[in-house]
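Engineer: As input, take protein_21.tsv (TSV, C-alpha atoms and all ligand atoms):
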chain	number	residue	atom	x	y	z
D	1	MET	CA	166.34	-56.24	4.45
D	2	PHE	CA	168.36	-59.10	5.98
D	3	GLU	CA	167.72	-62.84	6.23
D	4	ARG	CA	169.09	-63.12	9.74
D	5	ILE	CA	170.06	-60.34	12.14
D	6	ALA	CA	172.00	-61.26	15.28
D	7	LEU	CA	171.79	-58.94	18.28
D	8	VAL	CA	174.60	-59.42	20.78
D	9	GLY	CA	173.59	-57.55	23.96
D	10	ILE	CA	169.89	-56.92	24.50
D	11	GLY	CA	169.66	-53.90	26.81
D	12	LEU	CA	168.09	-50.51	26.00
D	13	ILE	CA	169.66	-50.29	22.54
D	14	GLY	CA	169.63	-53.98	21.56
D	15	SER	CA	166.00	-54.40	22.61
D	16	SER	CA	164.94	-51.18	20.84
D	17	LEU	CA	166.56	-52.57	17.69
D	18	ALA	CA	164.78	-55.91	18.19
D	19	ARG	CA	161.46	-54.09	18.50
D	20	VAL	CA	161.86	-51.91	15.38
D	21	ILE	CA	163.28	-54.82	13.32
D	22	ARG	CA	160.28	-56.96	14.25
D	23	ARG	CA	157.70	-54.15	13.83
D	24	ASP	CA	158.95	-53.18	10.39
D	25	GLY	CA	159.93	-56.65	9.16
D	26	LEU	CA	163.59	-55.73	8.62
D	27	ALA	CA	164.78	-59.34	9.13
D	28	GLY	CA	163.56	-62.87	8.43
D	29	THR	CA	164.94	-64.06	11.77
D	30	ILE	CA	166.20	-62.24	14.86
D	31	ALA	CA	168.82	-64.16	16.87
D	32	ILE	CA	169.53	-62.81	20.35
D	33	SER	CA	172.53	-63.40	22.57
D	34	THR	CA	173.54	-61.92	25.87
D	35	ARG	CA	175.94	-62.81	28.64
D	36	SER	CA	173.60	-63.57	31.53
D	37	SER	CA	170.90	-66.22	31.40
D	38	SER	CA	168.48	-64.06	33.42
D	39	THR	CA	168.69	-61.23	30.83
D	40	LEU	CA	168.24	-63.81	28.05
D	41	ASP	CA	165.14	-65.16	29.86
D	42	GLN	CA	163.81	-61.62	30.13
D	43	ALA	CA	164.29	-61.11	26.38
D	44	ARG	CA	162.48	-64.39	25.71
D	45	GLU	CA	159.58	-63.38	27.98
D	46	LEU	CA	159.34	-60.07	26.12
D	47	ASP	CA	159.32	-62.06	22.85
D	48	LEU	CA	162.05	-59.86	21.38
D	49	GLY	CA	163.47	-62.43	18.94
D	50	ASP	CA	163.15	-65.80	17.26
D	51	THR	CA	166.13	-67.67	18.74
D	52	TYR	CA	168.04	-67.15	22.00
D	53	HIS	CA	171.67	-68.08	22.67
D	54	LEU	CA	174.00	-67.89	25.65
D	55	ASP	CA	176.94	-68.53	23.33
D	56	PRO	CA	177.18	-65.53	20.96
D	57	LYS	CA	178.83	-67.75	18.31
D	58	ASP	CA	175.52	-69.59	17.89
D	59	ALA	CA	173.65	-66.30	17.38
D	60	VAL	CA	176.02	-64.86	14.76
D	61	ALA	CA	176.48	-68.05	12.73
D	62	ASN	CA	174.74	-67.48	9.37
D	63	ALA	CA	173.72	-63.93	10.30
D	64	ASP	CA	174.14	-61.37	7.51
D	65	LEU	CA	173.94	-58.45	9.96
D	66	VAL	CA	175.44	-58.63	13.46
D	67	ILE	CA	174.86	-55.71	15.85
D	68	VAL	CA	176.91	-55.61	19.05
D	69	SER	CA	175.15	-53.54	21.75
D	70	VAL	CA	177.23	-54.01	24.89
D	71	PRO	CA	179.13	-51.56	27.15
D	72	VAL	CA	182.17	-50.30	25.19
D	73	GLY	CA	184.62	-51.97	27.58
D	74	SER	CA	183.23	-55.38	26.58
D	75	SER	CA	183.54	-54.86	22.79
D	76	GLY	CA	186.92	-56.61	22.47
D	77	GLU	CA	185.81	-59.64	24.46
D	78	VAL	CA	182.65	-59.97	22.34
D	79	ALA	CA	184.57	-59.55	19.06
D	80	LYS	CA	187.03	-62.24	20.14
D	81	ALA	CA	184.16	-64.60	20.95
D	82	ILE	CA	182.20	-64.09	17.71
D	83	GLY	CA	185.07	-63.48	15.23
D	84	PRO	CA	185.61	-67.11	14.20
D	85	ALA	CA	181.85	-67.72	13.73
D	86	LEU	CA	181.10	-64.72	11.48
D	87	LYS	CA	179.87	-65.50	7.97
D	88	PRO	CA	182.02	-64.21	5.07
D	89	GLY	CA	180.24	-61.21	3.52
D	90	ALA	CA	178.35	-60.45	6.76
D	91	ILE	CA	178.13	-56.88	8.08
D	92	LEU	CA	179.31	-56.43	11.66
D	93	THR	CA	178.47	-53.18	13.45
D	94	ASP	CA	178.20	-51.84	16.99
D	95	VAL	CA	176.36	-49.01	18.74
D	96	GLY	CA	179.01	-47.93	21.26
D	97	SER	CA	179.19	-44.36	22.53
D	98	THR	CA	182.94	-44.17	21.83
D	99	LYS	CA	184.45	-45.15	18.50
D	100	ALA	CA	188.28	-45.14	18.38
D	101	SER	CA	188.56	-47.52	21.34
D	102	VAL	CA	185.85	-49.86	20.02
D	103	ILE	CA	187.63	-50.04	16.66
D	104	ALA	CA	190.98	-50.73	18.36
D	105	GLN	CA	189.39	-53.52	20.40
D	106	MET	CA	187.27	-55.14	17.70
D	107	ALA	CA	189.08	-54.74	14.37
D	108	PRO	CA	191.94	-57.18	15.12
D	109	GLU	CA	189.40	-59.94	15.89
D	110	ILE	CA	187.42	-59.63	12.64
D	111	PRO	CA	188.29	-62.08	9.84
D	112	ASP	CA	188.90	-60.84	6.28
D	113	GLY	CA	185.72	-60.88	4.21
D	114	VAL	CA	183.52	-59.58	7.05
D	115	HIS	CA	182.49	-55.93	6.69
D	116	PHE	CA	183.13	-54.20	10.02
D	117	ILE	CA	181.37	-50.82	10.05
D	118	PRO	CA	181.25	-49.17	13.49
D	119	GLY	CA	178.20	-47.06	14.34
D	120	HIS	CA	176.61	-44.96	17.05
D	121	PRO	CA	172.92	-44.05	17.24
D	122	ILE	CA	172.64	-40.68	18.99
D	123	ALA	CA	169.50	-41.83	20.73
D	124	GLY	CA	168.93	-43.14	24.20
D	125	THR	CA	167.54	-42.56	27.65
D	126	GLU	CA	168.78	-42.96	31.22
D	127	ARG	CA	167.18	-46.41	31.44
D	128	SER	CA	168.84	-49.77	30.74
D	129	GLY	CA	167.92	-53.43	30.25
D	130	PRO	CA	165.66	-55.32	27.80
D	131	ASP	CA	162.42	-53.85	29.17
D	132	ALA	CA	163.65	-50.26	28.70
D	133	GLY	CA	163.68	-50.34	24.89
D	134	PHE	CA	161.03	-49.04	22.50
D	135	ALA	CA	160.64	-49.27	18.71
D	136	SER	CA	160.54	-45.52	18.06
D	137	LEU	CA	163.81	-44.74	19.89
D	138	PHE	CA	165.75	-44.05	16.68
D	139	GLU	CA	163.11	-41.95	14.90
D	140	ASN	CA	164.32	-38.51	13.80
D	141	ARG	CA	167.68	-39.11	15.43
D	142	TRP	CA	171.16	-39.17	13.95
D	143	CYS	CA	173.16	-42.34	13.54
D	144	ILE	CA	176.90	-41.79	13.00
D	145	LEU	CA	178.86	-44.40	11.03
D	146	THR	CA	182.67	-44.42	11.26
D	147	PRO	CA	183.84	-46.82	8.53
D	148	GLN	CA	187.58	-47.36	8.20
D	149	ALA	CA	189.48	-46.34	5.06
D	150	GLY	CA	188.87	-48.90	2.32
D	151	ALA	CA	185.53	-50.08	3.75
D	152	ASP	CA	183.20	-51.66	1.17
D	153	GLU	CA	180.92	-48.84	-0.03
D	154	ALA	CA	177.99	-51.14	-0.79
D	155	ALA	CA	178.13	-52.57	2.74
D	156	VAL	CA	178.27	-49.06	4.26
D	157	GLU	CA	175.24	-48.05	2.17
D	158	ARG	CA	173.37	-51.21	3.19
D	159	LEU	CA	173.96	-50.47	6.87
D	160	ALA	CA	173.02	-46.80	6.34
D	161	GLU	CA	169.77	-47.95	4.71
D	162	PHE	CA	169.07	-50.22	7.68
D	163	TRP	CA	169.35	-47.25	10.06
D	164	ARG	CA	167.19	-45.11	7.75
D	165	ARG	CA	164.54	-47.84	7.94
D	166	CYS	CA	164.81	-47.55	11.75
D	167	GLY	CA	163.94	-43.84	11.33
D	168	SER	CA	167.41	-42.30	11.62
D	169	ASN	CA	169.43	-39.83	9.56
D	170	ILE	CA	172.99	-40.85	8.72
D	171	ASP	CA	176.28	-39.02	9.10
D	172	VAL	CA	179.65	-40.54	8.25
D	173	MET	CA	182.57	-39.35	10.38
D	174	ASP	CA	186.17	-40.01	11.33
D	175	PRO	CA	186.24	-41.97	14.65
D	176	ASN	CA	188.53	-39.50	16.44
D	177	HIS	CA	186.39	-36.57	15.37
D	178	HIS	CA	183.33	-38.48	16.60
D	179	ASP	CA	184.97	-38.99	20.01
D	180	MET	CA	185.82	-35.28	20.33
D	181	VAL	CA	182.33	-34.12	19.35
D	182	LEU	CA	180.57	-36.64	21.59
D	183	ALA	CA	182.85	-35.75	24.50
D	184	ILE	CA	181.36	-32.25	24.61
D	185	VAL	CA	177.73	-32.96	23.63
D	186	SER	CA	177.19	-36.19	25.57
D	187	HIS	CA	180.03	-37.39	27.78
D	188	LEU	CA	180.72	-34.11	29.61
D	189	PRO	CA	177.03	-33.42	30.34
D	190	HIS	CA	176.77	-36.85	31.96
D	191	ILE	CA	179.96	-36.33	33.98
D	192	ILE	CA	178.73	-32.91	35.13
D	193	ALA	CA	175.38	-34.44	36.13
D	194	TYR	CA	177.07	-37.28	38.06
D	195	ASN	CA	179.23	-34.67	39.77
D	196	ILE	CA	176.49	-32.23	40.83
D	197	VAL	CA	174.22	-35.01	42.08
D	198	GLY	CA	177.20	-36.52	43.92
D	199	THR	CA	177.99	-33.13	45.51
D	200	ALA	CA	174.39	-32.80	46.69
D	201	ASP	CA	174.51	-36.35	48.03
D	202	ASP	CA	177.59	-35.48	50.08
D	203	LEU	CA	175.72	-32.70	51.91
D	204	GLU	CA	174.37	-33.24	55.41
D	205	ALA	CA	171.27	-35.40	55.84
D	206	VAL	CA	168.97	-32.45	56.61
D	207	THR	CA	170.05	-30.65	53.45
D	208	LYS	CA	169.66	-33.86	51.49
D	209	SER	CA	165.96	-34.06	52.31
D	210	GLU	CA	165.62	-30.48	51.10
D	211	VAL	CA	167.41	-31.47	47.90
D	212	ILE	CA	164.68	-34.03	47.22
D	213	LYS	CA	161.88	-31.70	48.36
D	214	TYR	CA	162.89	-28.79	46.14
D	215	SER	CA	164.25	-30.84	43.25
D	216	ALA	CA	161.91	-29.25	40.71
D	217	SER	CA	164.29	-26.29	40.65
D	218	GLY	CA	166.89	-27.38	38.10
D	219	PHE	CA	168.46	-30.22	40.07
D	220	ARG	CA	165.82	-32.61	38.73
D	221	ASP	CA	167.09	-32.33	35.15
D	222	PHE	CA	170.55	-33.40	36.30
D	223	THR	CA	169.19	-36.38	38.25
D	224	ARG	CA	167.81	-37.91	35.04
D	225	LEU	CA	171.25	-37.99	33.40
D	226	ALA	CA	172.89	-39.06	36.68
D	227	ALA	CA	170.52	-42.06	36.81
D	228	SER	CA	172.15	-43.49	33.65
D	229	ASP	CA	173.73	-46.95	33.70
D	230	PRO	CA	176.93	-46.98	35.85
D	231	THR	CA	178.68	-49.73	33.85
D	232	MET	CA	178.02	-48.02	30.52
D	233	TRP	CA	179.25	-44.63	31.73
D	234	ARG	CA	182.27	-46.01	33.59
D	235	ASP	CA	183.28	-47.59	30.27
D	236	VAL	CA	182.66	-44.38	28.28
D	237	CYS	CA	184.92	-42.45	30.70
D	238	LEU	CA	187.67	-45.08	30.51
D	239	HIS	CA	187.46	-45.42	26.72
D	240	ASN	CA	187.25	-41.77	25.63
D	241	ARG	CA	189.80	-40.57	28.16
D	242	ASP	CA	191.79	-38.07	26.08
D	243	ALA	CA	188.83	-36.27	24.51
D	244	ILE	CA	186.99	-36.11	27.84
D	245	LEU	CA	190.07	-34.73	29.63
D	246	GLU	CA	190.48	-32.10	26.89
D	247	MET	CA	186.84	-30.99	27.24
D	248	LEU	CA	186.99	-31.08	31.05
D	249	ALA	CA	190.04	-28.79	30.96
D	250	ARG	CA	188.18	-26.25	28.81
D	251	PHE	CA	185.07	-26.61	30.98
D	252	SER	CA	187.07	-25.97	34.17
D	253	GLU	CA	188.66	-22.83	32.68
D	254	ASP	CA	185.25	-21.47	31.70
D	255	LEU	CA	183.80	-22.36	35.10
D	256	ALA	CA	186.63	-20.46	36.81
D	257	SER	CA	185.83	-17.44	34.67
D	258	LEU	CA	182.14	-17.71	35.59
D	259	GLN	CA	183.12	-18.01	39.24
D	260	ARG	CA	185.13	-14.79	38.94
D	261	ALA	CA	182.15	-13.00	37.35
D	262	VAL	CA	179.93	-14.06	40.27
D	263	ARG	CA	182.55	-13.06	42.84
D	264	TRP	CA	183.14	-9.60	41.34
D	265	GLY	CA	179.50	-8.96	40.48
D	266	ASP	CA	180.20	-8.77	36.76
D	267	GLY	CA	176.54	-8.75	35.68
D	268	ASP	CA	177.33	-7.88	32.05
D	269	LYS	CA	179.51	-10.94	31.67
D	270	LEU	CA	176.85	-13.20	33.20
D	271	PHE	CA	174.11	-11.67	31.08
D	272	ASP	CA	176.12	-12.01	27.86
D	273	LEU	CA	176.89	-15.68	28.49
D	274	PHE	CA	173.31	-16.55	29.46
D	275	THR	CA	172.02	-14.79	26.33
D	276	ARG	CA	174.46	-16.70	24.11
D	277	THR	CA	173.52	-20.08	25.65
D	278	ARG	CA	169.78	-19.42	25.42
D	279	ALA	CA	170.19	-19.09	21.64
D	280	ILE	CA	171.77	-22.56	21.46
D	281	ARG	CA	168.60	-24.22	22.72
D	282	ARG	CA	166.53	-22.25	20.22
D	283	SER	CA	168.74	-23.50	17.37
D	284	ILE	CA	168.41	-27.10	18.61
D	285	ILE	CA	164.63	-26.78	18.49
D	286	GLU	CA	164.75	-25.12	15.06
D	287	ALA	CA	166.96	-27.98	13.79
D	288	GLY	CA	164.14	-30.36	14.70
D	289	GLN	CA	165.90	-32.20	17.50
D	290	GLU	CA	163.89	-33.56	20.38
D	291	VAL	CA	164.28	-31.26	23.38
D	292	ASP	CA	162.68	-33.24	26.16
D	293	ALA	CA	163.39	-36.76	27.35
D	294	PRO	CA	160.72	-39.35	26.50
D	295	ASP	CA	159.64	-39.63	30.13
D	296	PHE	CA	158.88	-35.92	30.30
D	297	GLY	CA	156.75	-35.96	27.15
D	298	ARG	CA	158.32	-35.96	23.71
D	299	GLN	CA	158.45	-32.84	21.60
D	300	VAL	CA	159.58	-34.09	18.26
D	301	VAL	CA	159.62	-31.82	15.26
D	302	ALA	CA	160.18	-33.59	11.95
D	303	HIS	CA	163.77	-33.27	10.81
D	304	PRO	CA	163.97	-30.62	8.05
D	305	GLU	CA	165.43	-33.20	5.66
D	306	LYS	CA	162.38	-35.37	6.18
D	307	ALA	CA	159.72	-32.66	6.43
Q	1	LIG	N1	171.93	-45.98	26.82
Q	1	LIG	C1	171.99	-45.11	25.86
Q	1	LIG	O1	171.32	-44.07	25.95
Q	1	LIG	C2	172.89	-45.34	24.68
Q	1	LIG	C3	173.87	-46.33	24.71
Q	1	LIG	N2	174.69	-46.51	23.64
Q	1	LIG	C4	175.71	-47.56	23.68
Q	1	LIG	O2	175.04	-48.78	23.47
Q	1	LIG	C5	175.70	-49.83	24.15
Q	1	LIG	C6	174.68	-50.59	24.95
Q	1	LIG	O3	174.08	-49.72	25.87
Q	1	LIG	P1	172.65	-50.01	26.51
Q	1	LIG	O4	171.82	-50.84	25.61
Q	1	LIG	O5	172.13	-48.70	26.98
Q	1	LIG	O6	173.11	-50.86	27.78
Q	1	LIG	P2	172.28	-51.87	28.69
Q	1	LIG	O7	172.97	-51.90	30.00
Q	1	LIG	O8	170.82	-51.56	28.65
Q	1	LIG	O9	172.53	-53.25	27.93
Q	1	LIG	C7	173.77	-53.83	27.77
Q	1	LIG	C8	173.61	-55.27	27.34
Q	1	LIG	O10	174.89	-55.85	27.11
Q	1	LIG	C9	174.97	-57.12	27.76
Q	1	LIG	N3	176.37	-57.41	28.01
Q	1	LIG	C10	177.22	-56.77	28.82
Q	1	LIG	N4	178.45	-57.29	28.72
Q	1	LIG	C11	178.36	-58.30	27.82
Q	1	LIG	C12	179.27	-59.22	27.28
Q	1	LIG	N5	180.53	-59.21	27.65
Q	1	LIG	N6	178.81	-60.13	26.38
Q	1	LIG	C13	177.53	-60.12	25.98
Q	1	LIG	N7	176.62	-59.25	26.44
Q	1	LIG	C14	177.04	-58.37	27.35
Q	1	LIG	C15	174.07	-56.96	28.97
Q	1	LIG	O11	173.64	-58.19	29.48
Q	1	LIG	C16	172.92	-56.17	28.34
Q	1	LIG	O12	172.06	-57.04	27.65
Q	1	LIG	C17	176.82	-49.19	24.96
Q	1	LIG	O13	178.04	-49.36	24.29
Q	1	LIG	C18	176.45	-47.72	24.98
Q	1	LIG	O14	177.61	-46.92	25.04
Q	1	LIG	C19	174.54	-45.80	22.49
Q	1	LIG	C20	173.57	-44.84	22.38
Q	1	LIG	C21	172.69	-44.51	23.50
Q	2	LIG	O1	169.46	-39.84	27.83
Q	2	LIG	C1	170.10	-38.95	27.25
Q	2	LIG	O2	169.82	-37.75	27.36
Q	2	LIG	C2	171.23	-39.30	26.38
Q	2	LIG	O3	172.12	-38.51	26.20
Q	2	LIG	C3	171.19	-40.63	25.72
Q	2	LIG	C4	172.45	-41.04	25.07
Q	2	LIG	C5	173.45	-41.63	25.84
Q	2	LIG	C6	174.60	-42.07	25.25
Q	2	LIG	C7	174.78	-41.94	23.90
Q	2	LIG	O4	175.91	-42.40	23.35
Q	2	LIG	C8	173.81	-41.37	23.10
Q	2	LIG	C9	172.63	-40.93	23.69
Go ahead and render the structure in this file as structure tokens.
Ligand SMILES: NC(=O)C1=CN([C@@H]2O[C@H](COP(=O)(O)OP(=O)(O)OC[C@H]3O[C@@H](n4cnc5c(N)ncnc54)[C@H](O)[C@@H]3O)[C@@H](O)[C@H]2O)C=CC1
Ligand SMILES: O=C(O)C(=O)Cc1ccc(O)cc1
Structural biologist:
Amino acid sequence: MFERIALVGIGLIGSSLARVIRRDGLAGTIAISTRSSSTLDQARELDLGDTYHLDPKDAVANADLVIVSVPVGSSGEVAKAIGPALKPGAILTDVGSTKASVIAQMAPEIPDGVHFIPGHPIAGTERSGPDAGFASLFENRWCILTPQAGADEAAVERLAEFWRRCGSNIDVMDPNHHDMVLAIVSHLPHIIAYNIVGTADDLEAVTKSEVIKYSASGFRDFTRLAASDPTMWRDVCLHNRDAILEMLARFSEDLASLQRAVRWGDGDKLFDLFTRTRAIRRSIIEAGQEVDAPDFGRQVVAHPEKA
């Protein structure tokens, strides 16, 4: 699909892209760049690309697709570094979990003639680093593109086709809407998981050992999310602040109402809520979304659009 693809950042997402691009022959050459030489060495040992560069300018020069896969707080710094080296007509995209902030950081650094089309694959795990990636990560998952008004339609379609070739379905969305939706479906669940595991960790040592011993009982599911990369999630919290605060406010109100139902023994209220939420999981399964994390055994049902 592309002569040369440059991957800036080669962690879980960058290395999964490298693997699927190589497996399916989506590029003539894969150029890899990352900040630390030890991570770059790791990528080389894993044979993820064709050329390896500590200076991202060397990776993006002559690339017709550049994919930035770094924590969202580093997007501006990366854009500043690569901006002057980007080829006119190239497509520049990212995979960041927040979109308005990434656009605000990157757009001013992009020269005219380069097609900047932000993106976000809704696919991942709690693992990080070049050895965590796998080629099938994006299969049957959504990838959201948030092009700015006036973006070149042919370039948007070319990027959409790239993601389809990686196995994903495409949605196009306004960046602020993206940030609001992702705050509730992804950012809040991670914050809640970090919080509950942190609360358990604050308990006395004796209780803590019981927490580990009996972790099969619900707590375990939270520990997977709470094991996610601290840098990535610090940046998500700092860069989707308003939407996360809005969702946390609603969450806290609902939690207070649940607390009241427990205190006053309002069984009907509890039963009604638990019945409503059970139906949500059923609809996720019916929509063909994966319901278990890869480590716990994948249950993937073909997406209806693809079936
Ligand atoms: N982990 C996940 O499940 C998902 C993550 N994302 C987004 O993808 C992006 C990357 O996340 P992961 O691959 O999971 O992270 P990761 O921690 O596995 O990899 C991050 C990579 O970026 C590099 N890096 C960090 N700062 C850099 C800089 N200033 N210049 C150059 N390279 C730099 C690191 O060396 C590493 O190679 C993040 O923006 C995240 O929000 C999107 C979807 C899912
Ligand atoms: O591991 C999980 O359950 C995830 O939720 C993965 C994930 C993390 C961040 C994203 O922006 C998208 C997907």
Engineer: Please list as a PDB file with C-alpha atoms, in the coordinates of the input every residue within 9 Å of Thr231 in chain D, counting all atoms listed in the file and excluding residues in the same chain fewer than 3 positions away.
Structural biologist:
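Generated output (result-v9.pdb):
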ATOM      1  CA  PRO D  71     179.130 -51.560  27.150  1.00  0.00           C
ATOM      2  CA  GLY D  73     184.620 -51.970  27.580  1.00  0.00           C
ATOM      3  CA  ARG D 234     182.270 -46.010  33.590  1.00  0.00           C
ATOM      4  CA  ASP D 235     183.280 -47.590  30.270  1.00  0.00           C
ATOM      5  CA  VAL D 236     182.660 -44.380  28.280  1.00  0.00           C
TER       6      VAL D 236
END
Engineer: Can you list every residue of range 90-150 of chain D that has an atom at most 10 Å from range 158-163 of chain D, with its nearest atom pair and the distance in Å to one decimal, using all atoms listed in the file, ordered by chain then number, as JSON lines?
Structural biologist:
{"residue": "D:Ile91", "atom": "CA", "partner": "D:Leu159", "partner_atom": "CA", "distance": 7.7}
{"residue": "D:Leu92", "atom": "CA", "partner": "D:Leu159", "partner_atom": "CA", "distance": 9.3}
{"residue": "D:Thr93", "atom": "CA", "partner": "D:Leu159", "partner_atom": "CA", "distance": 8.4}
{"residue": "D:Ile117", "atom": "CA", "partner": "D:Leu159", "partner_atom": "CA", "distance": 8.1}
{"residue": "D:Pro118", "atom": "CA", "partner": "D:Leu159", "partner_atom": "CA", "distance": 9.9}
{"residue": "D:Gly119", "atom": "CA", "partner": "D:Leu159", "partner_atom": "CA", "distance": 9.2}
{"residue": "D:Pro121", "atom": "CA", "partner": "D:Trp163", "partner_atom": "CA", "distance": 8.6}
{"residue": "D:Phe138", "atom": "CA", "partner": "D:Trp163", "partner_atom": "CA", "distance": 8.2}
{"residue": "D:Glu139", "atom": "CA", "partner": "D:Trp163", "partner_atom": "CA", "distance": 9.5}
{"residue": "D:Arg141", "atom": "CA", "partner": "D:Trp163", "partner_atom": "CA", "distance": 9.9}
{"residue": "D:Trp142", "atom": "CA", "partner": "D:Trp163", "partner_atom": "CA", "distance": 9.1}
{"residue": "D:Cys143", "atom": "CA", "partner": "D:Trp163", "partner_atom": "CA", "distance": 7.1}
{"residue": "D:Ile144", "atom": "CA", "partner": "D:Ala160", "partner_atom": "CA", "distance": 9.2}
{"residue": "D:Leu145", "atom": "CA", "partner": "D:Ala160", "partner_atom": "CA", "distance": 7.9}
Engineer: Please compute the CA of Ser75 in chain D-CA of Val102 in chain D distance, one decimal, in Å.
Structural biologist: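 These two atoms are separated by 6.2 Å.
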Engineer: Rank D:Asp268, D:Asp242, D:Glu153, D:Asp41 by their smallest atom-to-atom distance to ligand LIG 1 (chain Q), using only C-alpha atoms and all ligand atoms, and report the top residue only.
Structural biologist: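 Closest candidate: D:Asp41.
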Engineer: Of the residues D:Ala61, D:Ala216, D:Leu12, D:Leu245, which is the one nearest to ligand LIG 2 (chain Q), using all atoms listed in the file?
Structural biologist: D:Leu12
Engineer: Restricting the calculation to all atoms listed in the file: of D:Ala100, D:Ala18, D:Ala31, D:Val68, which residue gets closest to ligand LIG 1 (chain Q)?
Structural biologist: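 Closest residue, counting all atoms listed in the file: D:Val68.
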Engineer: Go through the chains and note each residue within 8 Å of ligand LIG 2 (chain Q), using all atoms listed in the file, then give the set as a list in words.
Structural biologist: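 Listing the residues within 8 Å of ligand LIG 2 (chain Q) gives Gly96, Ser97, Thr98, His120, Pro121, Ile122, Ala123, Gly124, Thr125, Glu126, Arg127, Leu182, Ser186, His187, His190, Arg224, Leu225, Ser228 and Ala293 of chain D.
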Engineer: Give the padded box for ligand LIG 1 (chain Q) as lines of an AutoDock Vina configuration file: axis-aligned, covering all atoms listed in the file, 3 Å on each side, centre and edge lengths in Å to one decimal.
Structural biologist:
center_x = 175.7
center_y = -52.1
center_z = 26.2
size_x = 15.7
size_y = 22.1
size_z = 13.6
Engineer: Scan for residues within 8 Å of the point (162.6, -49.3, 20.0) in the coordinates of the file, using all atoms listed in the file, and reply as a short mmCIF file (atom, residue, chain, number, x, y, z; two decimals) with C-alpha atoms, keeping the file's coordinate frame.
Structural biologist:
data_model
loop_
_atom_site.label_atom_id
_atom_site.label_comp_id
_atom_site.auth_asym_id
_atom_site.auth_seq_id
_atom_site.Cartn_x
_atom_site.Cartn_y
_atom_site.Cartn_z
CA ILE D 13 169.66 -50.29 22.54
CA SER D 15 166.00 -54.40 22.61
CA SER D 16 164.94 -51.18 20.84
CA LEU D 17 166.56 -52.57 17.69
CA ALA D 18 164.78 -55.91 18.19
CA ARG D 19 161.46 -54.09 18.50
CA VAL D 20 161.86 -51.91 15.38
CA GLY D 133 163.68 -50.34 24.89
CA PHE D 134 161.03 -49.04 22.50
CA ALA D 135 160.64 -49.27 18.71
CA SER D 136 160.54 -45.52 18.06
CA LEU D 137 163.81 -44.74 19.89
CA PHE D 138 165.75 -44.05 16.68
#
Engineer: Restricting the calculation to all atoms listed in the file, which member of D:Ala90, D:Leu26, D:Pro130, D:Leu248 is positioned closest to Gln42 in chain D?
Structural biologist: D:Pro130
Engineer: If you measure from CA of Val156 in chain D to CA of Gly89 in chain D, what distance in Å do you get, rounded to one decimal?
Structural biologist: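 So the two atoms, CA of Val156 in chain D and CA of Gly89 in chain D, lie 12.3 Å apart.
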